[in-house]
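K.L.:
Supplied structure: my_file13.csv, CSV, C-alpha atoms.
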chain,number,residue,atom,x,y,z
O,158,MET,CA,19.6,7.8,10.5
O,159,ILE,CA,18.4,9.7,7.5
O,160,ASN,CA,16.6,13.0,7.8
O,161,LYS,CA,13.9,12.5,5.1
O,162,ARG,CA,13.4,16.3,4.5
O,163,LEU,CA,17.1,16.7,3.8
O,164,LEU,CA,17.0,13.6,1.5
O,165,ILE,CA,14.1,15.1,-0.5
O,166,LYS,CA,16.0,18.4,-0.9
O,167,ASN,CA,19.1,16.5,-2.0
O,168,LEU,CA,17.2,14.4,-4.5
O,169,LEU,CA,15.6,17.5,-6.0
O,170,ALA,CA,19.0,19.2,-6.3
O,171,HIS,CA,20.4,16.2,-8.2
O,172,ASN,CA,19.7,17.5,-11.8
O,173,ASP,CA,16.5,16.0,-13.0
O,174,GLU,CA,14.5,12.8,-12.7
O,175,SER,CA,16.8,9.8,-13.5
O,176,SER,CA,17.0,6.1,-13.4
O,177,PHE,CA,16.9,6.1,-9.5
O,178,TYR,CA,14.3,8.7,-8.8
O,179,ASP,CA,11.1,10.2,-10.1
O,180,LYS,CA,8.9,13.1,-9.0
O,181,LYS,CA,5.1,13.5,-9.1
O,182,ARG,CA,2.7,16.3,-8.3
O,183,GLN,CA,0.3,13.8,-6.7
O,184,LEU,CA,-0.6,10.2,-6.7
O,185,ASN,CA,-4.1,9.1,-7.7
O,186,LEU,CA,-4.8,5.6,-6.4
O,187,HIS,CA,-8.6,5.9,-6.6
O,188,THR,CA,-8.6,4.8,-10.3
O,189,LYS,CA,-7.2,1.9,-12.2
O,190,GLU,CA,-5.3,4.3,-14.5
O,191,GLY,CA,-3.7,6.0,-11.4
O,192,LYS,CA,-2.7,2.7,-9.9
O,193,ALA,CA,-1.3,1.5,-13.2
O,194,LYS,CA,0.9,4.5,-13.6
O,195,PHE,CA,2.2,4.2,-10.0
O,196,LEU,CA,2.9,0.5,-10.5
O,197,LYS,CA,4.7,1.1,-13.8
O,198,HIS,CA,7.1,3.5,-12.1
O,199,ILE,CA,7.7,1.1,-9.2
O,200,CYS,CA,8.5,-1.7,-11.6
O,201,ALA,CA,10.8,0.5,-13.8
O,202,LEU,CA,12.8,2.0,-10.9
O,203,SER,CA,13.2,-1.4,-9.2
O,204,ASN,CA,14.5,-3.1,-12.3
O,205,SER,CA,16.9,-0.2,-13.1
O,206,ASN,CA,18.4,-0.1,-9.6
O,207,PRO,CA,18.8,-3.6,-8.2
O,208,SER,CA,21.8,-2.6,-6.1
O,209,ASN,CA,20.5,0.6,-4.3
O,210,ASN,CA,17.4,2.4,-3.1
O,211,SER,CA,15.2,4.2,-5.6
O,212,TYR,CA,12.8,7.1,-4.8
O,213,ILE,CA,9.6,8.8,-5.9
O,214,VAL,CA,9.0,12.3,-4.5
O,215,VAL,CA,5.3,13.2,-4.4
O,216,GLY,CA,4.1,16.8,-4.1
O,217,VAL,CA,6.6,18.6,-6.4
O,218,GLU,CA,6.0,20.5,-9.7
O,219,ASP,CA,7.7,18.8,-12.6
O,220,GLN,CA,8.9,21.9,-14.4
O,221,ASP,CA,10.5,24.0,-11.6
O,222,ASN,CA,10.8,21.7,-8.6
O,223,GLU,CA,8.4,23.9,-6.6
O,224,ILE,CA,7.3,22.0,-3.4
O,225,THR,CA,3.5,22.2,-3.4
O,226,GLY,CA,2.8,19.2,-1.2
O,227,ASP,CA,0.0,16.7,-1.2
O,228,ASP,CA,-2.5,15.3,1.3
O,229,PHE,CA,-1.2,13.2,4.1
O,230,PHE,CA,-1.3,9.6,3.0
O,231,ASP,CA,-1.1,7.1,5.8
O,232,ASP,CA,-1.7,3.8,3.9
O,233,SER,CA,0.9,1.4,5.3
O,234,ARG,CA,-0.7,-1.3,3.1
O,235,ILE,CA,0.3,0.2,-0.2
O,236,GLN,CA,2.8,-2.7,-0.3
O,237,ASN,CA,-0.2,-5.0,-0.8
O,238,LEU,CA,-1.1,-3.1,-4.0
O,239,VAL,CA,2.4,-3.7,-5.3
O,240,ASN,CA,2.3,-7.4,-4.3
O,241,ALA,CA,-1.0,-7.9,-6.0
O,242,PHE,CA,0.1,-6.9,-9.5
O,243,LEU,CA,3.9,-7.4,-9.6
O,244,GLU,CA,5.8,-10.6,-9.7
O,245,ASN,CA,9.1,-10.3,-7.7
O,246,PRO,CA,7.7,-7.2,-6.1
O,247,PRO,CA,10.2,-4.9,-4.4
O,248,LYS,CA,9.7,-3.8,-0.8
O,249,ILE,CA,8.5,-0.2,-0.7
O,250,GLN,CA,7.8,2.4,2.0
O,251,TYR,CA,5.6,5.5,1.9
O,252,GLU,CA,6.5,8.3,4.3
O,253,ASN,CA,4.9,11.8,4.8
O,254,VAL,CA,7.5,14.5,5.2
O,255,PRO,CA,6.5,18.0,6.6
O,256,PHE,CA,8.0,21.1,5.1
O,257,PRO,CA,7.9,24.5,6.9
O,258,ASN,CA,6.2,26.5,4.1
O,259,LEU,CA,3.4,24.1,3.3
O,260,PRO,CA,-0.2,24.6,4.5
O,261,LYS,CA,-1.3,22.6,7.6
O,262,GLY,CA,-2.1,19.1,6.6
O,263,ARG,CA,0.0,19.2,3.4
O,264,VAL,CA,3.2,17.1,3.2
O,265,VAL,CA,5.7,15.8,0.7
O,266,GLY,CA,5.4,12.1,0.1
O,267,LEU,CA,8.5,9.9,-0.2
O,268,VAL,CA,8.3,6.5,-1.7
O,269,THR,CA,11.4,4.4,-1.0
O,270,ILE,CA,11.9,1.3,-3.2
O,271,LYS,CA,14.3,-1.2,-1.7
O,272,PRO,CA,16.9,-3.0,-3.9
O,273,LYS,CA,16.4,-6.6,-5.0
O,274,SER,CA,18.0,-8.9,-7.5
O,275,LYS,CA,15.1,-10.4,-9.5
O,276,THR,CA,13.3,-8.7,-12.3
O,277,SER,CA,9.9,-7.3,-11.5
O,278,PHE,CA,7.1,-7.7,-14.1
O,279,PHE,CA,3.3,-7.5,-14.1
O,280,LYS,CA,1.6,-10.8,-13.3
O,281,LYS,CA,-1.9,-9.6,-14.3
O,282,ASN,CA,-3.5,-6.9,-16.4
O,283,ILE,CA,-4.3,-3.4,-15.1
O,284,HIS,CA,-5.7,-0.6,-17.2
O,285,THR,CA,-3.7,-0.6,-20.4
O,286,ILE,CA,-0.8,-2.6,-19.0
O,287,LEU,CA,-0.8,-6.3,-19.9
O,288,ALA,CA,0.4,-9.2,-17.9
O,289,ASN,CA,4.1,-10.1,-18.3
O,290,SER,CA,5.0,-6.5,-19.1
O,291,VAL,CA,8.4,-5.4,-18.0
O,292,PHE,CA,9.5,-1.7,-17.5
O,293,VAL,CA,12.8,0.0,-17.0
O,294,ARG,CA,14.0,3.6,-16.6
O,295,ARG,CA,15.5,5.3,-19.6
O,296,GLY,CA,16.5,8.8,-18.4
O,297,SER,CA,13.4,10.3,-16.8
O,298,ASN,CA,10.9,7.9,-18.5
O,299,SER,CA,9.5,4.5,-17.5
O,300,THR,CA,9.4,2.5,-20.7
O,301,PRO,CA,8.5,-1.1,-21.6
O,302,THR,CA,11.2,-3.5,-22.7
O,303,GLU,CA,11.4,-7.1,-24.0
O,304,GLU,CA,15.2,-7.3,-23.5
O,305,LYS,CA,16.9,-9.2,-20.7
O,306,ILE,CA,17.8,-6.6,-18.0
O,307,PRO,CA,21.5,-6.8,-17.0
O,308,TYR,CA,22.3,-6.5,-13.3
O,309,SER,CA,23.4,-2.9,-12.8
O,310,LYS,CA,25.5,-1.1,-10.2
O,311,GLN,CA,25.6,2.2,-12.0
O,312,ASN,CA,23.9,4.3,-9.4
O,313,ILE,CA,25.4,2.9,-6.1
O,314,GLU,CA,27.9,5.7,-5.5
O,315,THR,CA,25.5,8.5,-6.4
O,316,VAL,CA,22.7,7.2,-4.2
O,317,LEU,CA,25.0,6.6,-1.3
O,318,SER,CA,26.4,10.1,-1.6
O,319,ILE,CA,23.0,11.6,-1.5
O,320,GLU,CA,21.9,9.5,1.4
O,321,ASN,CA,25.1,10.2,3.4
O,322,SER,CA,24.6,13.9,2.8
O,323,SER,CA,21.1,13.5,4.4
O,324,ARG,CA,22.2,12.1,7.7
O,325,ASN,CA,20.4,13.5,10.8
O,326,SER,CA,22.2,15.4,13.6
O,327,ILE,CA,21.5,16.5,17.1
O,328,ALA,CA,21.0,20.1,15.9
O,329,TYR,CA,18.3,18.9,13.3
O,330,THR,CA,16.5,17.0,16.1
O,331,LEU,CA,16.5,19.8,18.6
O,332,ASP,CA,15.4,22.3,16.0
O,333,GLY,CA,12.6,19.9,14.9
O,334,VAL,CA,11.3,19.5,18.5
O,335,ILE,CA,11.4,23.3,19.1
O,336,ASP,CA,9.6,24.0,15.8
O,337,PHE,CA,6.9,21.4,16.5
O,338,VAL,CA,6.1,22.6,20.0
O,339,ASN,CA,6.7,26.4,19.8
O,340,ASN,CA,5.8,27.2,16.3
O,341,ARG,CA,3.5,24.8,14.5
O,342,HIS,CA,1.4,23.7,17.5
O,343,LYS,CA,1.6,26.6,19.9
O,344,ASP,CA,-2.2,26.7,20.0
O,345,MET,CA,-2.7,23.2,21.4
O,346,LEU,CA,-1.3,20.7,23.9
O,347,SER,CA,2.1,19.3,22.7
O,348,GLU,CA,4.2,16.6,24.2
O,349,TYR,CA,7.4,14.6,23.3
O,350,LYS,CA,8.9,11.3,24.4
O,351,VAL,CA,12.5,10.0,23.9
O,352,PHE,CA,12.9,6.3,23.2
O,353,LYS,CA,16.2,4.3,23.6
O,354,GLU,CA,18.1,7.6,24.1
O,355,LEU,CA,17.9,8.2,20.4
O,356,PHE,CA,14.4,8.4,18.9
O,357,VAL,CA,12.1,11.5,19.6
O,358,ILE,CA,8.4,11.4,19.0
O,359,CYS,CA,6.4,14.6,19.2
O,360,TRP,CA,2.6,14.8,19.2
O,361,ALA,CA,-0.1,17.5,19.5
O,362,GLY,CA,-3.9,17.4,19.7
O,363,ILE,CA,-7.0,18.7,21.4
O,364,PRO,CA,-8.2,16.5,24.3
O,365,LYS,CA,-11.8,15.4,23.7
O,366,LYS,CA,-13.7,13.5,26.4
O,367,ILE,CA,-16.5,11.3,25.2
O,368,ARG,CA,-18.4,9.4,27.8
O,369,ASP,CA,-15.7,7.9,30.0
O,370,LYS,CA,-12.9,8.0,27.5
O,371,THR,CA,-10.5,10.8,26.5
O,372,TYR,CA,-9.4,11.1,22.8
O,373,LEU,CA,-7.2,13.5,20.9
O,374,SER,CA,-8.6,15.3,17.9
O,375,ARG,CA,-6.8,17.3,15.2
O,376,VAL,CA,-3.9,15.1,15.9
O,377,ASP,CA,-0.4,15.5,14.5
O,378,ILE,CA,2.3,12.9,15.4
O,379,GLU,CA,5.9,13.0,14.1
O,380,LEU,CA,9.1,11.0,14.4
O,381,ILE,CA,11.4,14.0,14.6
O,382,ASN,CA,14.7,12.2,13.9
O,383,GLU,CA,13.6,11.3,10.4
O,384,GLN,CA,11.3,14.3,9.9
O,385,ILE,CA,8.3,12.1,9.0
O,386,LYS,CA,4.7,12.3,10.1
O,387,LEU,CA,3.4,9.1,11.6
O,388,PHE,CA,-0.2,10.3,11.8
O,389,TYR,CA,-2.3,13.3,10.8
O,390,SER,CA,-6.1,13.7,10.7
O,391,ALA,CA,-8.3,16.8,10.9
O,392,GLN,CA,-11.4,14.5,11.4
O,393,ASP,CA,-10.7,11.2,13.2
O,394,VAL,CA,-9.6,10.9,16.8
O,395,VAL,CA,-6.9,8.7,18.4
O,396,THR,CA,-5.7,7.4,21.8
O,397,ILE,CA,-2.0,7.2,22.5
O,398,THR,CA,-0.2,4.8,24.8
O,399,PHE,CA,3.5,4.2,25.3
O,400,ASP,CA,6.1,2.5,27.4
O,401,SER,CA,9.9,2.6,27.4
O,402,ALA,CA,10.3,0.9,24.0
O,403,SER,CA,7.1,1.4,22.1
O,404,PHE,CA,4.6,4.0,21.0
O,405,THR,CA,1.0,2.9,20.1
O,406,ILE,CA,-1.6,4.9,18.2
O,407,THR,CA,-5.2,3.7,18.1
O,408,GLU,CA,-7.3,5.5,15.5
O,409,TYR,CA,-11.1,5.8,15.8
O,410,VAL,CA,-13.6,6.7,13.1
O,411,ALA,CA,-16.9,8.6,13.9
O,412,LEU,CA,-19.9,6.9,12.2
O,413,GLY,CA,-23.6,7.2,12.7
O,414,LEU,CA,-27.0,7.9,11.2
O,415,ASN,CA,-29.7,10.5,12.1
O,416,ASP,CA,-27.2,12.5,14.2
O,417,LYS,CA,-26.3,9.6,16.4
O,418,THR,CA,-22.5,9.2,16.3
O,419,SER,CA,-20.3,6.6,17.9
O,420,TYR,CA,-16.6,6.0,17.7
O,421,TYR,CA,-15.4,2.8,16.2
O,422,PRO,CA,-11.7,1.5,16.5
O,423,LEU,CA,-10.3,1.6,13.0
O,424,GLU,CA,-6.6,0.7,13.2
O,425,GLN,CA,-3.7,0.3,15.7
O,426,GLN,CA,-0.2,1.4,14.8
O,427,LYS,CA,2.6,0.3,17.0
O,428,ILE,CA,6.2,1.7,16.7
O,429,SER,CA,8.8,-0.5,18.4
O,430,PHE,CA,12.3,0.9,19.1
O,431,PHE,CA,15.5,-1.1,19.5
O,432,ASP,CA,18.9,-0.6,21.1
O,433,ASN,CA,20.7,-1.0,17.8
O,434,GLY,CA,19.2,2.2,16.3
O,435,TYR,CA,16.4,0.6,14.3
O,436,TYR,CA,12.6,0.7,14.7
O,437,LYS,CA,9.7,-1.1,13.1
O,438,ILE,CA,6.1,-0.1,12.5
O,439,GLU,CA,3.3,-2.8,12.8
O,440,THR,CA,-0.3,-2.1,12.0
O,441,GLU,CA,-3.4,-4.0,12.8
O,442,MET,CA,-6.9,-3.4,11.4
O,443,LEU,CA,-9.5,-3.3,14.1
O,444,PHE,CA,-12.6,-2.0,12.3
O,445,GLU,CA,-15.9,-3.8,12.6
O,446,PRO,CA,-18.5,-1.7,10.7
O,447,PRO,CA,-21.9,-1.0,12.3
O,448,GLN,CA,-24.9,-2.8,10.8
O,449,TYR,CA,-28.3,-1.2,10.4
O,450,ASN,CA,-31.9,-2.2,9.5
O,451,ARG,CA,-32.0,-3.0,5.8
O,452,LYS,CA,-35.3,-1.1,5.1
O,453,MET,CA,-34.0,2.0,6.8
O,454,MET,CA,-30.8,1.8,4.8
O,455,PHE,CA,-32.7,1.7,1.5
O,456,HIS,CA,-34.5,4.9,2.3
O,457,ILE,CA,-31.2,6.6,3.4
O,458,TYR,CA,-29.3,5.4,0.3
O,459,ASN,CA,-32.0,6.6,-2.1
O,460,SER,CA,-32.2,10.0,-0.3
O,461,ASN,CA,-28.4,10.5,-0.8
O,462,LEU,CA,-28.7,9.5,-4.5
O,463,ALA,CA,-31.5,12.1,-4.9
O,464,LEU,CA,-29.3,14.7,-3.3
O,465,LEU,CA,-26.4,14.0,-5.7
O,466,ALA,CA,-28.8,14.2,-8.6
O,467,LYS,CA,-30.0,17.6,-7.5
O,468,MET,CA,-26.4,18.8,-7.3
O,469,LYS,CA,-25.6,17.5,-10.8
O,470,LYS,CA,-28.5,19.6,-12.1
O,471,GLY,CA,-27.0,22.7,-10.4
O,472,LEU,CA,-30.1,23.2,-8.2
O,473,ALA,CA,-29.9,25.1,-4.9
O,474,LEU,CA,-29.8,23.1,-1.7
O,475,ASN,CA,-31.8,24.1,1.4
O,476,ASP,CA,-30.1,24.1,4.9
O,477,ARG,CA,-31.1,20.6,5.7
O,478,GLU,CA,-29.7,19.3,2.4
O,479,GLU,CA,-26.5,21.2,2.9
O,480,ASN,CA,-26.1,19.4,6.3
O,481,ASP,CA,-26.9,16.1,4.7
O,482,LEU,CA,-24.3,16.8,2.0
O,483,GLU,CA,-21.6,17.3,4.6
O,484,ASN,CA,-22.4,13.8,6.0
O,485,LEU,CA,-22.9,12.2,2.6
O,486,PRO,CA,-19.4,10.6,2.4
O,487,SER,CA,-19.7,8.8,5.7
O,488,THR,CA,-23.4,7.9,5.0
O,489,LEU,CA,-22.5,6.3,1.7
O,490,MET,CA,-19.7,4.5,3.3
O,491,ILE,CA,-22.1,3.0,5.9
O,492,CYS,CA,-24.4,2.0,3.0
O,493,TYR,CA,-21.5,0.3,1.2
O,494,LEU,CA,-20.5,-1.5,4.4
O,495,ASN,CA,-24.2,-2.7,4.8
O,496,GLY,CA,-24.3,-4.4,1.4
O,497,PHE,CA,-25.0,-1.5,-1.1
O,498,GLU,CA,-22.2,-2.4,-3.4
O,499,ASP,CA,-22.7,0.6,-5.8
O,500,ALA,CA,-22.4,3.1,-2.9
O,501,LYS,CA,-18.6,3.3,-3.1
O,502,GLN,CA,-18.6,4.0,-6.8
O,503,LYS,CA,-21.4,6.6,-6.4
O,504,LEU,CA,-19.1,8.3,-3.8
O,505,ILE,CA,-16.1,8.3,-6.1
O,506,GLU,CA,-18.2,9.8,-8.9
O,507,ALA,CA,-19.4,12.5,-6.5
O,508,LYS,CA,-15.8,13.8,-5.8
O,509,PRO,CA,-15.9,16.8,-8.2
O,510,LEU,CA,-19.3,17.9,-6.9
O,511,LEU,CA,-18.0,17.7,-3.3
O,512,LYS,CA,-14.8,19.4,-4.1
O,513,GLN,CA,-16.4,22.5,-5.7
O,514,PHE,CA,-19.1,22.9,-3.1
O,515,LYS,CA,-19.0,26.1,-1.1
O,516,LYS,CA,-18.5,24.3,2.3
O,517,PRO,CA,-15.1,22.5,2.3
O,518,GLU,CA,-16.2,20.1,5.1
O,519,SER,CA,-17.9,17.8,2.5
O,520,TYR,CA,-14.7,17.3,0.6
O,521,PHE,CA,-12.6,16.9,3.7
O,522,ASN,CA,-15.0,14.2,4.8
O,523,PHE,CA,-14.8,12.6,1.4
O,524,LYS,CA,-11.0,12.3,1.7
O,525,GLU,CA,-11.3,10.8,5.2
O,526,VAL,CA,-13.8,8.2,4.0
O,527,MET,CA,-11.8,7.2,1.0
O,528,ARG,CA,-8.8,6.7,3.3
O,529,VAL,CA,-10.8,4.4,5.6
O,530,LEU,CA,-12.2,2.4,2.6
O,531,ARG,CA,-8.7,2.1,1.1
O,532,LYS,CA,-7.3,0.7,4.4
O,533,MET,CA,-10.2,-1.8,4.5
O,534,LYS,CA,-9.6,-2.9,0.9
O,535,TYR,CA,-5.8,-3.4,1.3
O,536,ASN,CA,-6.4,-5.2,4.6
O,537,SER,CA,-8.9,-7.5,2.8
O,538,ASP,CA,-6.5,-8.1,-0.1
O,539,SER,CA,-3.8,-9.0,2.4
O,540,SER,CA,-5.9,-11.4,4.3
O,541,ALA,CA,-7.0,-13.1,1.1
O,542,SER,CA,-3.4,-13.4,0.0
O,543,GLU,CA,-2.4,-15.0,3.3
O,544,LYS,CA,-5.2,-17.5,3.0
O,545,ALA,CA,-4.1,-18.4,-0.5
O,546,LYS,CA,-0.7,-19.3,0.8
What is this file in structure tokens?

P.N.:
Amino acid sequence: MINKRLLIKNLLAHNDESSFYDKKRQLNLHTKEGKAKFLKHICALSNSNPSNNSYIVVGVEDQDNEITGDDFFDDSRIQNLVNAFLENPPKIQYENVPFPNLPKGRVVGLVTIKPKSKTSFFKKNIHTILANSVFVRRGSNSTPTEEKIPYSKQNIETVLSIENSSRNSIAYTLDGVIDFVNNRHKDMLSEYKVFKELFVICWAGIPKKIRDKTYLSRVDIELINEQIKLFYSAQDVVTITFDSASFTITEYVALGLNDKTSYYPLEQQKISFFDNGYYKIETEMLFEPPQYNRKMMFHIYNSNLALLAKMKKGLALNDREENDLENLPSTLMICYLNGFEDAKQKLIEAKPLLKQFKKPESYFNFKEVMRVLRKMKYNSDSSASEKAK
């Protein structure tokens, strides 16, 4: 079992970016340009390493390898993005890896690209990349090619050596549990559970009773053996259930208008553990968005647009408007889910305004809302793909 924190350290120590690994300060999957860049690197690394894993490390400065971290990214359906644009897509996995010196909520992202034999290429246009484009790695660059790509085994020994040097140990596991409970989450309730005498999951959160149900807020959940975060959110709440062989996280999102908030099931993530030392993670989208009166929604939508227009002009907001701005991301999401198609784009355009506002809650809420919308989009894309088959 590989300790992903050790793996990242060993990758960064291996000279510079190469044909089997790349590093990024952050991923931007909100725009077509950001998606195109990400897909280009996936395509190139996959084609250059058909015999071994390739990696992208996210949250690292390019010049000096300083680990700065990035936001927690819990989108298990990122595979659907790859499948949508690449022919012969590789299997990929995105994991969030905590590092001791990073601020709370910041992690290093690790993208693992699995080996495969067939050449990957773009099956449709995205941004400036045309359909049928093929990319490979040349040193630290992902470059287009029209040549036939030979099957290569050049990096097998190097990658295996790095992975073998990153194997977990009992000491790493025990240190991880102690650090999680006694240091990083000493201010809240922490628990752990051992599965199949091998896997250890730790979780921490603040119990929050709403009506007849108890949720956990400010939740942090980690699979200690591999040093990966399974879930983190400063906003949404979850419920946790488990038995001897599985651990299930059900995430809820708080939505409402006019100070009336309800909790809606968003997604269920089930981790199943097996006697042979393997585990699998299955996710199921549960979200059914609330529907509101159309006339009322028109009024609310226009009020939010007026608030954004006032911010763009640099005008001061009163107390009521500042409160509305904090709720603006979730309000625009409700508008979007109720048929106001432009609301999502208006929200994306509002990002710099929310980011620079004096109260950070508005920007935190923006990131949470974009995470929910991204999950819904990839789930919709996946369903459409399945129907097409």

K.L.:
Distance cut-off 10 Å, centre (-19.9, 19.4, -0.3) in file coordinates, counting only C-alpha atoms: which residues qualify? Return them as a list of chain:residue names.

P.N.:
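Nearby residues: O:Met468, O:Glu479, O:Asn480, O:Asp481, O:Leu482, O:Glu483, O:Asn484, O:Leu485, O:Pro486, O:Ala507, O:Lys508, O:Pro509, O:Leu510, O:Leu511, O:Lys512, O:Gln513, O:Phe514, O:Lys515, O:Lys516, O:Pro517, O:Glu518, O:Ser519, O:Tyr520, O:Phe521, O:Asn522, O:Phe523.
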
K.L.:
Please determine, counting only C-alpha atoms, which residue among O:Ala193, O:Ile235, O:Val351, O:Leu169 has the shortest atom-to-atom distance to Asp221 in chain O.

P.N.:
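Of O:Ala193, O:Ile235, O:Val351, O:Leu169, the one nearest Asp221 in chain O, counting only C-alpha atoms, is O:Leu169.
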
K.L.:
Tell me which protein, DNA and RNA residues are within 8 Å of Leu443 in chain O, counting all atoms listed in the file, leaving out same-chain ones fewer than 5 positions away, and put them as a list in words.

P.N.:
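Returned residues: Pro422, Leu423, Glu424 and Gln425 of chain O.
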
K.L.:
I want to know what sits within 12 Å of Tyr389 in chain O, based on all atoms listed in the file, with residues of the same chain fewer than 4 positions away left out; could you give that as a ChimeraX atom specification?

P.N.:
/O:228-232,253-255,261-264,360-362,373-379,385,393-395,406,408,525,528

K.L.:
Restricting the calculation to all atoms listed in the file: of O:Thr188, O:Thr407, O:Asp432, O:Ile159, which residue gets closest to Ile505 in chain O?

P.N.:
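Closest to Ile505 in chain O, using all atoms listed in the file: O:Thr188.
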
K.L.:
Got a sec: who's within 10 Å of Pro307 in chain O, counting all atoms listed in the file, leaving out chain neighbours fewer than 6 positions off, as a VMD selection string?

P.N.:
chain O and resid 204 to 205 207 276

K.L.:
Write out as a PDB file with C-alpha atoms, in the frame of the given file the residues lying within 6 Å of Gly216 in chain O, counting only C-alpha atoms and excluding same-chain residues fewer than 6 positions away.

P.N.:
ATOM      1  CA  ARG O 182       2.700  16.300  -8.300  1.00  0.00           C
ATOM      2  CA  GLN O 183       0.300  13.800  -6.700  1.00  0.00           C
ATOM      3  CA  THR O 225       3.500  22.200  -3.400  1.00  0.00           C
ATOM      4  CA  GLY O 226       2.800  19.200  -1.200  1.00  0.00           C
ATOM      5  CA  ASP O 227       0.000  16.700  -1.200  1.00  0.00           C
ATOM      6  CA  VAL O 265       5.700  15.800   0.700  1.00  0.00           C
TER       7      VAL O 265
END

K.L.:
Report, in Å to a single decimal, how far apart CA of Gln236 in chain O and CA of Leu186 in chain O are.

P.N.:
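Distance reported for this atom pair: 12.8 Å.
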
K.L.:
Taking into account only C-alpha atoms, which residue in the set O:Leu164, O:Leu530, O:Leu462, O:Leu494 is nearest to Pro446 in chain O?

P.N.:
O:Leu494

K.L.:
Find, counting only C-alpha atoms, the residue in O:Leu472, O:Cys492, O:Ile428, O:Val357 that gets nearest to Arg451 in chain O.

P.N.:
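Of O:Leu472, O:Cys492, O:Ile428, O:Val357, the one nearest Arg451 in chain O, counting only C-alpha atoms, is O:Cys492.
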
K.L.:
If I take CA of Glu383 in chain O and CA of Met158 in chain O, how far is one from the other in Å, to one decimal?

P.N.:
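Taking CA of Glu383 in chain O and CA of Met158 in chain O, their separation equals 6.9 Å.
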
K.L.:
May I ask for the distance between CA of Pro301 in chain O and CA of Lys189 in chain O, given in Å to one decimal place?

P.N.:
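Between these atoms lies a distance of 18.5 Å.
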
K.L.:
Where atoms are absent from range 233-237 of chain O, fill them in so it carries all heavy atoms, then output it as a PDB file, in the coordinates of the input.

P.N.:
ATOM      1  N   SER O 233      -0.266   2.290   5.115  1.00  0.00           N
ATOM      2  CA  SER O 233       0.900   1.400   5.300  1.00  0.00           C
ATOM      3  C   SER O 233       0.738   0.144   4.420  1.00  0.00           C
ATOM      4  O   SER O 233       1.703  -0.584   4.216  1.00  0.00           O
ATOM      5  CB  SER O 233       1.046   1.006   6.745  1.00  0.00           C
ATOM      6  OG  SER O 233      -0.131   0.359   7.216  1.00  0.00           O
ATOM      7  N   ARG O 234      -0.457  -0.119   3.904  1.00  0.00           N
ATOM      8  CA  ARG O 234      -0.700  -1.300   3.100  1.00  0.00           C
ATOM      9  C   ARG O 234      -0.532  -1.126   1.628  1.00  0.00           C
ATOM     10  O   ARG O 234      -0.993  -1.923   0.828  1.00  0.00           O
ATOM     11  CB  ARG O 234      -2.077  -1.894   3.446  1.00  0.00           C
ATOM     12  CG  ARG O 234      -2.181  -2.378   4.880  1.00  0.00           C
ATOM     13  CD  ARG O 234      -3.574  -2.902   5.192  1.00  0.00           C
ATOM     14  NE  ARG O 234      -3.635  -3.371   6.555  1.00  0.00           N
ATOM     15  CZ  ARG O 234      -3.805  -2.587   7.616  1.00  0.00           C
ATOM     16  NH1 ARG O 234      -3.923  -1.291   7.445  1.00  0.00           N
ATOM     17  NH2 ARG O 234      -3.844  -3.084   8.836  1.00  0.00           N
ATOM     18  N   ILE O 235       0.084  -0.038   1.256  1.00  0.00           N
ATOM     19  CA  ILE O 235       0.300   0.200  -0.200  1.00  0.00           C
ATOM     20  C   ILE O 235       1.221  -0.904  -0.740  1.00  0.00           C
ATOM     21  O   ILE O 235       1.185  -1.194  -1.932  1.00  0.00           O
ATOM     22  CB  ILE O 235       0.977   1.587  -0.369  1.00  0.00           C
ATOM     23  CG1 ILE O 235       0.852   2.016  -1.832  1.00  0.00           C
ATOM     24  CG2 ILE O 235       2.410   1.617   0.102  1.00  0.00           C
ATOM     25  CD1 ILE O 235       1.265   3.463  -2.054  1.00  0.00           C
ATOM     26  N   GLN O 236       1.988  -1.555   0.133  1.00  0.00           N
ATOM     27  CA  GLN O 236       2.800  -2.700  -0.300  1.00  0.00           C
ATOM     28  C   GLN O 236       1.906  -3.804  -0.867  1.00  0.00           C
ATOM     29  O   GLN O 236       2.292  -4.509  -1.811  1.00  0.00           O
ATOM     30  CB  GLN O 236       3.591  -3.252   0.894  1.00  0.00           C
ATOM     31  CG  GLN O 236       4.449  -4.464   0.571  1.00  0.00           C
ATOM     32  CD  GLN O 236       5.684  -4.116  -0.231  1.00  0.00           C
ATOM     33  OE1 GLN O 236       6.489  -3.306   0.187  1.00  0.00           O
ATOM     34  NE2 GLN O 236       5.844  -4.747  -1.390  1.00  0.00           N
ATOM     35  N   ASN O 237       0.698  -3.944  -0.316  1.00  0.00           N
ATOM     36  CA  ASN O 237      -0.200  -5.000  -0.800  1.00  0.00           C
ATOM     37  C   ASN O 237      -0.627  -4.739  -2.252  1.00  0.00           C
ATOM     38  O   ASN O 237      -0.847  -5.683  -3.013  1.00  0.00           O
ATOM     39  CB  ASN O 237      -1.449  -5.077   0.087  1.00  0.00           C
ATOM     40  CG  ASN O 237      -1.115  -5.545   1.488  1.00  0.00           C
ATOM     41  OD1 ASN O 237      -0.028  -6.059   1.727  1.00  0.00           O
ATOM     42  ND2 ASN O 237      -2.029  -5.343   2.414  1.00  0.00           N
TER      43      ASN O 237
END
